[in-house]
>>> print(open('query.pdb').read())   # PDB, C-alpha atoms
ATOM      1  CA  MET A   1       0.000   0.000   0.000  1.00  0.00           C
ATOM      2  CA  THR A   2       0.972   3.621  -0.355  1.00  0.00           C
ATOM      3  CA  ASP A   3       1.974   5.440   2.805  1.00  0.00           C
ATOM      4  CA  TRP A   4      -0.638   6.630   5.287  1.00  0.00           C
ATOM      5  CA  ASN A   5      -1.970  10.200   5.197  1.00  0.00           C
ATOM      6  CA  PRO A   6      -1.650  11.699   8.700  1.00  0.00           C
ATOM      7  CA  ALA A   7      -3.698  14.807   7.828  1.00  0.00           C
ATOM      8  CA  LEU A   8      -6.638  12.704   6.662  1.00  0.00           C
ATOM      9  CA  TYR A   9      -6.325  10.379   9.655  1.00  0.00           C
ATOM     10  CA  VAL A  10      -6.417  13.178  12.250  1.00  0.00           C
ATOM     11  CA  ARG A  11      -9.467  14.830  10.677  1.00  0.00           C
ATOM     12  CA  PHE A  12     -11.477  12.662  13.071  1.00  0.00           C
ATOM     13  CA  GLU A  13      -8.884  12.602  15.835  1.00  0.00           C
ATOM     14  CA  ASP A  14     -11.332  13.065  18.706  1.00  0.00           C
ATOM     15  CA  GLU A  15     -13.374  10.068  17.592  1.00  0.00           C
ATOM     16  CA  ARG A  16     -10.286   7.932  16.953  1.00  0.00           C
ATOM     17  CA  THR A  17      -8.681   8.893  20.269  1.00  0.00           C
ATOM     18  CA  ARG A  18     -11.696   8.113  22.443  1.00  0.00           C
ATOM     19  CA  PRO A  19     -11.235   4.307  22.381  1.00  0.00           C
ATOM     20  CA  ALA A  20      -7.491   4.800  22.911  1.00  0.00           C
ATOM     21  CA  ALA A  21      -8.240   6.761  26.087  1.00  0.00           C
ATOM     22  CA  GLU A  22     -10.766   4.190  27.285  1.00  0.00           C
ATOM     23  CA  LEU A  23      -8.272   1.383  26.737  1.00  0.00           C
ATOM     24  CA  LEU A  24      -5.595   3.287  28.644  1.00  0.00           C
ATOM     25  CA  ALA A  25      -7.964   3.914  31.559  1.00  0.00           C
ATOM     26  CA  ARG A  26      -8.420   0.175  32.113  1.00  0.00           C
ATOM     27  CA  ILE A  27      -4.704  -0.664  32.351  1.00  0.00           C
ATOM     28  CA  PRO A  28      -3.849  -1.844  35.899  1.00  0.00           C
ATOM     29  CA  LEU A  29      -0.366  -0.320  36.094  1.00  0.00           C
ATOM     30  CA  ASP A  30       0.707   2.588  38.288  1.00  0.00           C
ATOM     31  CA  ALA A  31       4.307   3.213  37.258  1.00  0.00           C
ATOM     32  CA  PRO A  32       5.596   1.243  34.266  1.00  0.00           C
ATOM     33  CA  ARG A  33       9.210   1.931  33.380  1.00  0.00           C
ATOM     34  CA  LEU A  34       9.169   1.014  29.684  1.00  0.00           C
ATOM     35  CA  VAL A  35       6.133   1.380  27.408  1.00  0.00           C
ATOM     36  CA  TYR A  36       5.787   0.652  23.686  1.00  0.00           C
ATOM     37  CA  ASP A  37       2.960   2.100  21.625  1.00  0.00           C
ATOM     38  CA  LEU A  38       2.596  -0.258  18.649  1.00  0.00           C
ATOM     39  CA  GLY A  39       1.081   1.330  15.568  1.00  0.00           C
ATOM     40  CA  CYS A  40       1.448   4.753  17.155  1.00  0.00           C
ATOM     41  CA  GLY A  41       0.274   6.589  14.033  1.00  0.00           C
ATOM     42  CA  PRO A  42       0.531  10.391  14.314  1.00  0.00           C
ATOM     43  CA  GLY A  43       1.105  10.161  18.068  1.00  0.00           C
ATOM     44  CA  ASN A  44      -2.411  10.810  19.380  1.00  0.00           C
ATOM     45  CA  SER A  45      -2.392   7.646  21.503  1.00  0.00           C
ATOM     46  CA  THR A  46       1.271   8.106  22.443  1.00  0.00           C
ATOM     47  CA  ALA A  47       0.449  11.531  23.880  1.00  0.00           C
ATOM     48  CA  LEU A  48      -2.164   9.955  26.151  1.00  0.00           C
ATOM     49  CA  ILE A  49       0.291   7.327  27.373  1.00  0.00           C
ATOM     50  CA  ALA A  50       3.016   9.906  28.060  1.00  0.00           C
ATOM     51  CA  ALA A  51       0.572  12.104  29.969  1.00  0.00           C
ATOM     52  CA  ARG A  52      -0.548   9.263  32.245  1.00  0.00           C
ATOM     53  CA  TYR A  53       2.922   7.746  32.716  1.00  0.00           C
ATOM     54  CA  SER A  54       5.101  10.847  32.772  1.00  0.00           C
ATOM     55  CA  ASP A  55       8.046   9.043  34.388  1.00  0.00           C
ATOM     56  CA  ALA A  56       8.072   6.137  31.923  1.00  0.00           C
ATOM     57  CA  GLU A  57      10.215   5.701  28.842  1.00  0.00           C
ATOM     58  CA  VAL A  58       7.594   5.730  26.072  1.00  0.00           C
ATOM     59  CA  ILE A  59       8.521   4.575  22.556  1.00  0.00           C
ATOM     60  CA  GLY A  60       6.206   4.731  19.551  1.00  0.00           C
ATOM     61  CA  LEU A  61       6.501   2.153  16.771  1.00  0.00           C
ATOM     62  CA  ASP A  62       4.933   2.348  13.307  1.00  0.00           C
ATOM     63  CA  THR A  63       5.580   1.102   9.778  1.00  0.00           C
ATOM     64  CA  SER A  64       4.678   4.442   8.165  1.00  0.00           C
ATOM     65  CA  PRO A  65       7.399   7.087   7.685  1.00  0.00           C
ATOM     66  CA  ALA A  66       4.730   9.764   7.236  1.00  0.00           C
ATOM     67  CA  MET A  67       2.992   8.842  10.483  1.00  0.00           C
ATOM     68  CA  LEU A  68       6.308   8.737  12.343  1.00  0.00           C
ATOM     69  CA  GLU A  69       7.272  12.161  11.020  1.00  0.00           C
ATOM     70  CA  SER A  70       3.933  13.534  12.207  1.00  0.00           C
ATOM     71  CA  ALA A  71       4.368  11.905  15.627  1.00  0.00           C
ATOM     72  CA  ARG A  72       7.894  13.284  16.059  1.00  0.00           C
ATOM     73  CA  THR A  73       6.686  16.778  15.195  1.00  0.00           C
ATOM     74  CA  ARG A  74       3.867  16.475  17.693  1.00  0.00           C
ATOM     75  CA  LEU A  75       5.942  14.914  20.495  1.00  0.00           C
ATOM     76  CA  PRO A  76       9.575  15.933  20.006  1.00  0.00           C
ATOM     77  CA  GLY A  77      10.561  14.750  23.471  1.00  0.00           C
ATOM     78  CA  LEU A  78       9.628  11.121  22.839  1.00  0.00           C
ATOM     79  CA  ALA A  79      11.311   8.360  20.876  1.00  0.00           C
ATOM     80  CA  PHE A  80       9.754   6.877  17.731  1.00  0.00           C
ATOM     81  CA  ALA A  81      11.021   4.028  15.587  1.00  0.00           C
ATOM     82  CA  GLN A  82       9.995   2.342  12.365  1.00  0.00           C
ATOM     83  CA  GLY A  83       9.043  -1.279  12.796  1.00  0.00           C
ATOM     84  CA  ASP A  84       6.403  -3.918  12.164  1.00  0.00           C
ATOM     85  CA  ALA A  85       4.427  -5.247  15.135  1.00  0.00           C
ATOM     86  CA  ALA A  86       4.202  -8.623  13.392  1.00  0.00           C
ATOM     87  CA  THR A  87       7.947  -9.244  13.804  1.00  0.00           C
ATOM     88  CA  TRP A  88       8.995  -6.650  16.406  1.00  0.00           C
ATOM     89  CA  ARG A  89      11.112  -7.734  19.365  1.00  0.00           C
ATOM     90  CA  PRO A  90      12.244  -5.152  21.941  1.00  0.00           C
ATOM     91  CA  GLU A  91      15.773  -5.098  23.313  1.00  0.00           C
ATOM     92  CA  ARG A  92      14.345  -4.915  26.848  1.00  0.00           C
ATOM     93  CA  ALA A  93      11.138  -6.451  28.159  1.00  0.00           C
ATOM     94  CA  PRO A  94       8.496  -3.713  28.389  1.00  0.00           C
ATOM     95  CA  ASP A  95       6.091  -3.237  31.273  1.00  0.00           C
ATOM     96  CA  LEU A  96       3.332  -2.202  28.876  1.00  0.00           C
ATOM     97  CA  ILE A  97       2.700  -3.097  25.247  1.00  0.00           C
ATOM     98  CA  TYR A  98      -0.111  -0.877  24.018  1.00  0.00           C
ATOM     99  CA  ALA A  99      -1.603  -1.614  20.589  1.00  0.00           C
ATOM    100  CA  ASN A 100      -4.465   0.668  19.612  1.00  0.00           C
ATOM    101  CA  ALA A 101      -6.154  -0.010  16.246  1.00  0.00           C
ATOM    102  CA  VAL A 102      -3.207  -1.816  14.660  1.00  0.00           C
ATOM    103  CA  LEU A 103      -3.344  -5.585  15.208  1.00  0.00           C
ATOM    104  CA  GLN A 104      -6.490  -5.948  13.075  1.00  0.00           C
ATOM    105  CA  TRP A 105      -4.216  -5.389  10.051  1.00  0.00           C
ATOM    106  CA  LEU A 106      -2.040  -8.396  10.979  1.00  0.00           C
ATOM    107  CA  PRO A 107      -2.725 -12.111  10.420  1.00  0.00           C
ATOM    108  CA  ASP A 108      -2.350 -15.157  12.672  1.00  0.00           C
ATOM    109  CA  HIS A 109      -3.797 -13.721  15.887  1.00  0.00           C
ATOM    110  CA  ARG A 110      -3.559 -17.117  17.587  1.00  0.00           C
ATOM    111  CA  VAL A 111       0.209 -16.801  17.218  1.00  0.00           C
ATOM    112  CA  LEU A 112       0.601 -13.019  17.300  1.00  0.00           C
ATOM    113  CA  LEU A 113      -1.087 -12.162  20.593  1.00  0.00           C
ATOM    114  CA  PRO A 114       0.600 -14.882  22.694  1.00  0.00           C
ATOM    115  CA  ARG A 115       3.923 -13.846  21.136  1.00  0.00           C
ATOM    116  CA  LEU A 116       3.427 -10.202  22.114  1.00  0.00           C
ATOM    117  CA  PHE A 117       2.256 -11.237  25.581  1.00  0.00           C
ATOM    118  CA  GLY A 118       5.407 -13.315  26.003  1.00  0.00           C
ATOM    119  CA  LEU A 119       7.582 -10.254  25.399  1.00  0.00           C
ATOM    120  CA  LEU A 120       6.346  -8.553  28.585  1.00  0.00           C
ATOM    121  CA  ALA A 121       8.332  -8.121  31.775  1.00  0.00           C
ATOM    122  CA  PRO A 122       6.904  -9.900  34.851  1.00  0.00           C
ATOM    123  CA  GLY A 123       3.774  -8.054  35.938  1.00  0.00           C
ATOM    124  CA  GLY A 124       3.514  -6.372  32.546  1.00  0.00           C
ATOM    125  CA  VAL A 125       0.351  -5.684  30.563  1.00  0.00           C
ATOM    126  CA  LEU A 126      -0.674  -6.208  26.949  1.00  0.00           C
ATOM    127  CA  ALA A 127      -3.421  -3.715  26.055  1.00  0.00           C
ATOM    128  CA  VAL A 128      -5.138  -4.062  22.672  1.00  0.00           C
ATOM    129  CA  GLN A 129      -7.992  -2.305  20.883  1.00  0.00           C
ATOM    130  CA  MET A 130      -9.133  -3.395  17.429  1.00  0.00           C
ATOM    131  CA  PRO A 131     -11.927  -2.207  15.139  1.00  0.00           C
ATOM    132  CA  ASP A 132     -14.445  -5.000  14.647  1.00  0.00           C
ATOM    133  CA  ASN A 133     -16.489  -3.406  11.886  1.00  0.00           C
ATOM    134  CA  LEU A 134     -16.127  -5.706   8.884  1.00  0.00           C
ATOM    135  CA  ALA A 135     -19.803  -6.668   9.052  1.00  0.00           C
ATOM    136  CA  GLU A 136     -20.897  -3.021   9.153  1.00  0.00           C
ATOM    137  CA  PRO A 137     -22.240  -1.421   5.941  1.00  0.00           C
ATOM    138  CA  SER A 138     -19.160   0.835   5.733  1.00  0.00           C
ATOM    139  CA  HIS A 139     -16.895  -2.166   5.171  1.00  0.00           C
ATOM    140  CA  ARG A 140     -19.298  -4.710   3.725  1.00  0.00           C
ATOM    141  CA  LEU A 141     -20.074  -2.313   0.873  1.00  0.00           C
ATOM    142  CA  MET A 142     -16.370  -1.919   0.086  1.00  0.00           C
ATOM    143  CA  ARG A 143     -16.128  -5.644  -0.586  1.00  0.00           C
ATOM    144  CA  GLU A 144     -19.393  -5.883  -2.507  1.00  0.00           C
ATOM    145  CA  ILE A 145     -18.610  -2.967  -4.812  1.00  0.00           C
ATOM    146  CA  ALA A 146     -15.018  -4.125  -5.328  1.00  0.00           C
ATOM    147  CA  ALA A 147     -16.169  -7.600  -6.356  1.00  0.00           C
ATOM    148  CA  ALA A 148     -18.903  -6.430  -8.719  1.00  0.00           C
ATOM    149  CA  GLY A 149     -17.340  -3.550 -10.660  1.00  0.00           C
ATOM    150  CA  ALA A 150     -15.030  -3.234 -13.641  1.00  0.00           C
ATOM    151  CA  TRP A 151     -12.187  -2.735 -11.157  1.00  0.00           C
ATOM    152  CA  ALA A 152     -12.578  -6.218  -9.590  1.00  0.00           C
ATOM    153  CA  GLU A 153      -9.572  -7.753 -11.350  1.00  0.00           C
ATOM    154  CA  ALA A 154      -7.279  -4.826 -10.513  1.00  0.00           C
ATOM    155  CA  ILE A 155      -8.232  -4.919  -6.845  1.00  0.00           C
ATOM    156  CA  GLY A 156      -7.968  -8.696  -6.585  1.00  0.00           C
ATOM    157  CA  ASP A 157      -9.572 -11.322  -4.375  1.00  0.00           C
ATOM    158  CA  PRO A 158      -7.183 -11.005  -1.386  1.00  0.00           C
ATOM    159  CA  VAL A 159      -8.025  -7.329  -0.985  1.00  0.00           C
ATOM    160  CA  VAL A 160     -11.744  -7.974  -1.341  1.00  0.00           C
ATOM    161  CA  ALA A 161     -11.528 -10.596   1.393  1.00  0.00           C
ATOM    162  CA  GLY A 162      -9.640  -8.075   3.515  1.00  0.00           C
ATOM    163  CA  ARG A 163      -9.529  -8.876   7.210  1.00  0.00           C
ATOM    164  CA  VAL A 164     -12.562 -11.181   7.063  1.00  0.00           C
ATOM    165  CA  GLY A 165     -11.919 -14.186   9.268  1.00  0.00           C
ATOM    166  CA  ARG A 166      -8.729 -12.703  10.710  1.00  0.00           C
ATOM    167  CA  MET A 167     -10.095 -11.590  14.071  1.00  0.00           C
ATOM    168  CA  LEU A 168     -11.430 -13.925  16.739  1.00  0.00           C
ATOM    169  CA  GLU A 169     -14.606 -13.493  18.714  1.00  0.00           C
ATOM    170  CA  PRO A 170     -13.981 -11.671  22.039  1.00  0.00           C
ATOM    171  CA  ALA A 171     -14.336 -14.958  23.928  1.00  0.00           C
ATOM    172  CA  GLY A 172     -11.715 -16.446  21.613  1.00  0.00           C
ATOM    173  CA  TYR A 173      -9.169 -13.865  22.752  1.00  0.00           C
ATOM    174  CA  TYR A 174     -10.016 -14.645  26.359  1.00  0.00           C
ATOM    175  CA  ASP A 175      -9.489 -18.376  25.789  1.00  0.00           C
ATOM    176  CA  LEU A 176      -6.230 -17.642  23.984  1.00  0.00           C
ATOM    177  CA  LEU A 177      -4.680 -15.511  26.727  1.00  0.00           C
ATOM    178  CA  ALA A 178      -6.295 -16.769  29.951  1.00  0.00           C
ATOM    179  CA  PRO A 179      -3.980 -19.809  30.296  1.00  0.00           C
ATOM    180  CA  LEU A 180      -0.957 -17.491  29.987  1.00  0.00           C
ATOM    181  CA  ALA A 181      -2.067 -14.526  32.077  1.00  0.00           C
ATOM    182  CA  ALA A 182      -2.706 -13.669  35.699  1.00  0.00           C
ATOM    183  CA  ASP A 183      -5.766 -11.703  34.578  1.00  0.00           C
ATOM    184  CA  VAL A 184      -7.589 -11.019  31.309  1.00  0.00           C
ATOM    185  CA  ASP A 185     -10.245  -8.361  30.701  1.00  0.00           C
ATOM    186  CA  VAL A 186     -12.074  -8.518  27.341  1.00  0.00           C
ATOM    187  CA  TRP A 187     -14.959  -6.342  26.188  1.00  0.00           C
ATOM    188  CA  ARG A 188     -16.649  -5.084  23.028  1.00  0.00           C
ATOM    189  CA  THR A 189     -18.117  -1.609  22.545  1.00  0.00           C
ATOM    190  CA  ALA A 190     -20.059  -0.103  19.650  1.00  0.00           C
ATOM    191  CA  TYR A 191     -19.554   3.634  19.181  1.00  0.00           C
ATOM    192  CA  TYR A 192     -22.058   5.695  17.218  1.00  0.00           C
ATOM    193  CA  HIS A 193     -20.163   8.579  15.681  1.00  0.00           C
ATOM    194  CA  ARG A 194     -22.171  11.611  14.576  1.00  0.00           C
ATOM    195  CA  MET A 195     -21.137  12.476  11.044  1.00  0.00           C
ATOM    196  CA  ALA A 196     -22.173  15.587   9.137  1.00  0.00           C
ATOM    197  CA  ASP A 197     -23.094  13.727   5.953  1.00  0.00           C
ATOM    198  CA  ALA A 198     -22.263  10.724   3.800  1.00  0.00           C
ATOM    199  CA  GLY A 199     -19.149  12.518   2.553  1.00  0.00           C
ATOM    200  CA  ALA A 200     -17.791  12.616   6.095  1.00  0.00           C
ATOM    201  CA  ILE A 201     -18.170   8.840   6.365  1.00  0.00           C
ATOM    202  CA  LEU A 202     -16.330   8.510   3.068  1.00  0.00           C
ATOM    203  CA  ALA A 203     -13.527  10.733   4.372  1.00  0.00           C
ATOM    204  CA  TRP A 204     -13.271   8.638   7.559  1.00  0.00           C
ATOM    205  CA  VAL A 205     -12.814   5.303   5.785  1.00  0.00           C
ATOM    206  CA  SER A 206     -10.588   6.824   3.085  1.00  0.00           C
ATOM    207  CA  ALA A 207      -7.875   7.219   5.723  1.00  0.00           C
ATOM    208  CA  THR A 208      -7.971   3.546   6.697  1.00  0.00           C
ATOM    209  CA  GLY A 209     -10.224   0.787   5.380  1.00  0.00           C
ATOM    210  CA  LEU A 210     -10.571   2.041   1.790  1.00  0.00           C
ATOM    211  CA  ARG A 211      -6.837   2.298   1.175  1.00  0.00           C
ATOM    212  CA  PRO A 212      -6.241  -1.324   0.062  1.00  0.00           C
ATOM    213  CA  PHE A 213      -9.122  -1.015  -2.416  1.00  0.00           C
ATOM    214  CA  LEU A 214      -8.002   2.280  -3.946  1.00  0.00           C
ATOM    215  CA  ASP A 215      -4.232   1.763  -4.021  1.00  0.00           C
ATOM    216  CA  PRO A 216      -4.245  -0.739  -6.965  1.00  0.00           C
ATOM    217  CA  LEU A 217      -6.512   1.428  -9.137  1.00  0.00           C
ATOM    218  CA  ALA A 218      -5.672   3.968 -11.819  1.00  0.00           C
ATOM    219  CA  PRO A 219      -7.140   7.442 -11.145  1.00  0.00           C
ATOM    220  CA  ASP A 220     -10.173   6.982 -13.419  1.00  0.00           C
ATOM    221  CA  ALA A 221     -11.017   3.596 -11.924  1.00  0.00           C
ATOM    222  CA  ALA A 222     -10.527   4.910  -8.392  1.00  0.00           C
ATOM    223  CA  ALA A 223     -12.906   7.778  -9.125  1.00  0.00           C
ATOM    224  CA  GLY A 224     -15.505   5.325 -10.424  1.00  0.00           C
ATOM    225  CA  PHE A 225     -15.150   3.094  -7.397  1.00  0.00           C
ATOM    226  CA  LEU A 226     -15.515   6.065  -5.037  1.00  0.00           C
ATOM    227  CA  GLU A 227     -18.600   7.312  -6.856  1.00  0.00           C
ATOM    228  CA  ALA A 228     -20.310   3.931  -6.535  1.00  0.00           C
ATOM    229  CA  TYR A 229     -19.221   3.536  -2.920  1.00  0.00           C
ATOM    230  CA  ALA A 230     -20.350   7.052  -1.950  1.00  0.00           C
ATOM    231  CA  ALA A 231     -23.818   6.403  -3.393  1.00  0.00           C
ATOM    232  CA  ALA A 232     -24.094   3.139  -1.466  1.00  0.00           C
ATOM    233  CA  ILE A 233     -22.960   4.826   1.767  1.00  0.00           C
ATOM    234  CA  ASP A 234     -25.513   7.608   1.302  1.00  0.00           C
ATOM    235  CA  GLU A 235     -28.260   4.979   1.134  1.00  0.00           C
ATOM    236  CA  ALA A 236     -26.914   2.773   3.944  1.00  0.00           C
ATOM    237  CA  TYR A 237     -26.569   5.654   6.425  1.00  0.00           C
ATOM    238  CA  PRO A 238     -29.715   7.773   6.072  1.00  0.00           C
ATOM    239  CA  PRO A 239     -30.034  11.162   7.787  1.00  0.00           C
ATOM    240  CA  ARG A 240     -31.206  11.043  11.388  1.00  0.00           C
ATOM    241  CA  SER A 241     -33.720  13.439  12.983  1.00  0.00           C
ATOM    242  CA  ASP A 242     -31.142  16.258  13.095  1.00  0.00           C
ATOM    243  CA  GLY A 243     -29.839  15.650   9.561  1.00  0.00           C
ATOM    244  CA  ARG A 244     -26.629  13.946  10.691  1.00  0.00           C
ATOM    245  CA  ARG A 245     -25.576  10.376   9.906  1.00  0.00           C
ATOM    246  CA  LEU A 246     -24.652   7.838  12.588  1.00  0.00           C
ATOM    247  CA  LEU A 247     -21.602   5.679  11.850  1.00  0.00           C
ATOM    248  CA  ALA A 248     -21.722   2.541  13.993  1.00  0.00           C
ATOM    249  CA  PHE A 249     -18.208   1.425  14.875  1.00  0.00           C
ATOM    250  CA  PRO A 250     -17.766  -1.707  17.049  1.00  0.00           C
ATOM    251  CA  ARG A 251     -14.388  -2.266  18.712  1.00  0.00           C
ATOM    252  CA  VAL A 252     -12.846  -5.107  20.737  1.00  0.00           C
ATOM    253  CA  PHE A 253     -10.674  -4.400  23.807  1.00  0.00           C
ATOM    254  CA  ILE A 254      -8.236  -6.746  25.549  1.00  0.00           C
ATOM    255  CA  VAL A 255      -6.168  -6.084  28.685  1.00  0.00           C
ATOM    256  CA  ALA A 256      -4.036  -9.057  29.767  1.00  0.00           C
ATOM    257  CA  ARG A 257      -1.655  -8.901  32.760  1.00  0.00           C
ATOM    258  CA  ARG A 258       1.336 -11.168  33.202  1.00  0.00           C
ATOM    259  CA  ALA A 259       2.021 -12.660  36.626  1.00  0.00           C
ATOM    260  CA  PRO A 260       4.685 -10.805  38.671  1.00  0.00           C
TER     261      PRO A 260
END
>>> encode(input="query.pdb", output="structure tokens")
Amino acid sequence: MTDWNPALYVRFEDERTRPAAELLARIPLDAPRLVYDLGCGPGNSTALIAARYSDAEVIGLDTSPAMLESARTRLPGLAFAQGDAATWRPERAPDLIYANAVLQWLPDHRVLLPRLFGLLAPGGVLAVQMPDNLAEPSHRLMREIAAAGAWAEAIGDPVVAGRVGRMLEPAGYYDLLAPLAADVDVWRTAYYHRMADAGAILAWVSATGLRPFLDPLAPDAAAGFLEAYAAAIDEAYPPRSDGRRLLAFPRVFIVARRAP
């Protein structure tokens, strides 16, 4: 894929940061010494971590040079490094591995999450939040339109399948981590974001979920795909009583603590 667009991502920063803050609030640590923020993006979640744990060494990790540049500009006093959470191994065992809205992009969760949990220092915490919205109209329509249009071959079957089948049910994550952990807290929340219009929903997903569909397309094909998708979104998310649209956005949260 092409690199991420930090400006487009932070257009809805308040909405994107809310689950990051709620995940952080449930972490049962008072004074971690070393914290990694996996998939730190433009640093919005990293800023929350640094504010709560002001005495900790906080390091942000991301695959995107553009996101890392944005994060360094925002938080010049913190350390940021380029790396992939799928293969990342820290030099020292962290007290907190915080992964907000990143692991849903990675495969093999039955291997990935126990591996990340095993990297923790004794008493450490793995804190994860993942969008769980593939069944929502916003993402279901991406796949349907991609498979049916003239652009289907260019996009390809793997992209159309996307993350379908990659994530476990919340209880599956509990069963995966409970035998390894001193404590596991798993929950699922559906946010209903107030959006000005269908175009705002399109702008939201253009920063994230739409990227794998648009990246393979020539400009004319991409424009055609977006036109068809925008029309479908306008129908799927009708105006509410105040004229706004409500974007339902379910998310899964996991907080697993290692024994001291």
>>> atom_distance(input="query.pdb", atom1="CA of Ala31 in chain A", atom2="CA of Gly118 in chain A")
20.0 Å
>>> residues_near_point(input="query.pdb", point="(-15.5, 0.8, 3.7)", cutoff="7 Å", atoms="only C-alpha atoms", output="VMD selection string")
chain A and resid 138 to 142 205 209 to 210
>>> resolve_selection(input="query.pdb", expression="the PyMOL selection byres ((chain A and resi 254-260) around 6)", output="number ranges by chain")
A: 122-128, 181-186, 253
>>> closest_residue(input="query.pdb", among="A:Arg245, A:Ala93, A:Arg166, A:Ala147", to="Val111 in chain A", atoms="all atoms listed in the file")
A:Arg166
>>> closest_residue(input="query.pdb", among="A:Ser45, A:Leu103, A:Tyr53, A:Arg33", to="Leu75 in chain A", atoms="all atoms listed in the file")
A:Ser45
>>> atom_distance(input="query.pdb", atom1="CA of Tyr192 in chain A", atom2="CA of Leu214 in chain A")
25.6 Å
>>> resolve_selection(input="query.pdb", expression="the PyMOL selection byres ((chain A and resi 195) around 6)", output="NGL selection string")
:A and (194 or 196-197 or 200 or 244-245)
>>> atom_distance(input="query.pdb", atom1="CA of Tyr173 in chain A", atom2="CA of Gln82 in chain A")
27.2 Å
>>> resolve_selection(input="query.pdb", expression="the PyMOL selection byres ((chain A and resi 56) around 12)", output="JSON, numbers by chain")
{"A": [29, 30, 31, 32, 33, 34, 35, 36, 46, 49, 50, 51, 52, 53, 54, 55, 57, 58, 59, 78, 79, 94, 95, 96]}
>>> closest_residue(input="query.pdb", among="A:Ala198, A:Met67, A:Leu226, A:Leu48", to="Arg211 in chain A", atoms="all atoms listed in the file")
A:Leu226
>>> axis_aligned_box(input="query.pdb", around="range 42-55 of chain A", padding_each_side="5 Å", output="AutoDock Vina command-line options")
--center_x 2.8 --center_y 9.7 --center_z 24.4 --size_x 20.5 --size_y 14.8 --size_z 30.1
>>> residues_near_point(input="query.pdb", point="(5.0, -9.3, 17.5)", cutoff="10 Å", atoms="only C-alpha atoms", output="MDAnalysis selection string")
chainID A and resid 38 84:90 103 106 109 111:119
>>> closest_residue(input="query.pdb", among="A:Met130, A:Ala66, A:Ala236, A:Val164", to="Val252 in chain A", atoms="all atoms listed in the file")
A:Met130
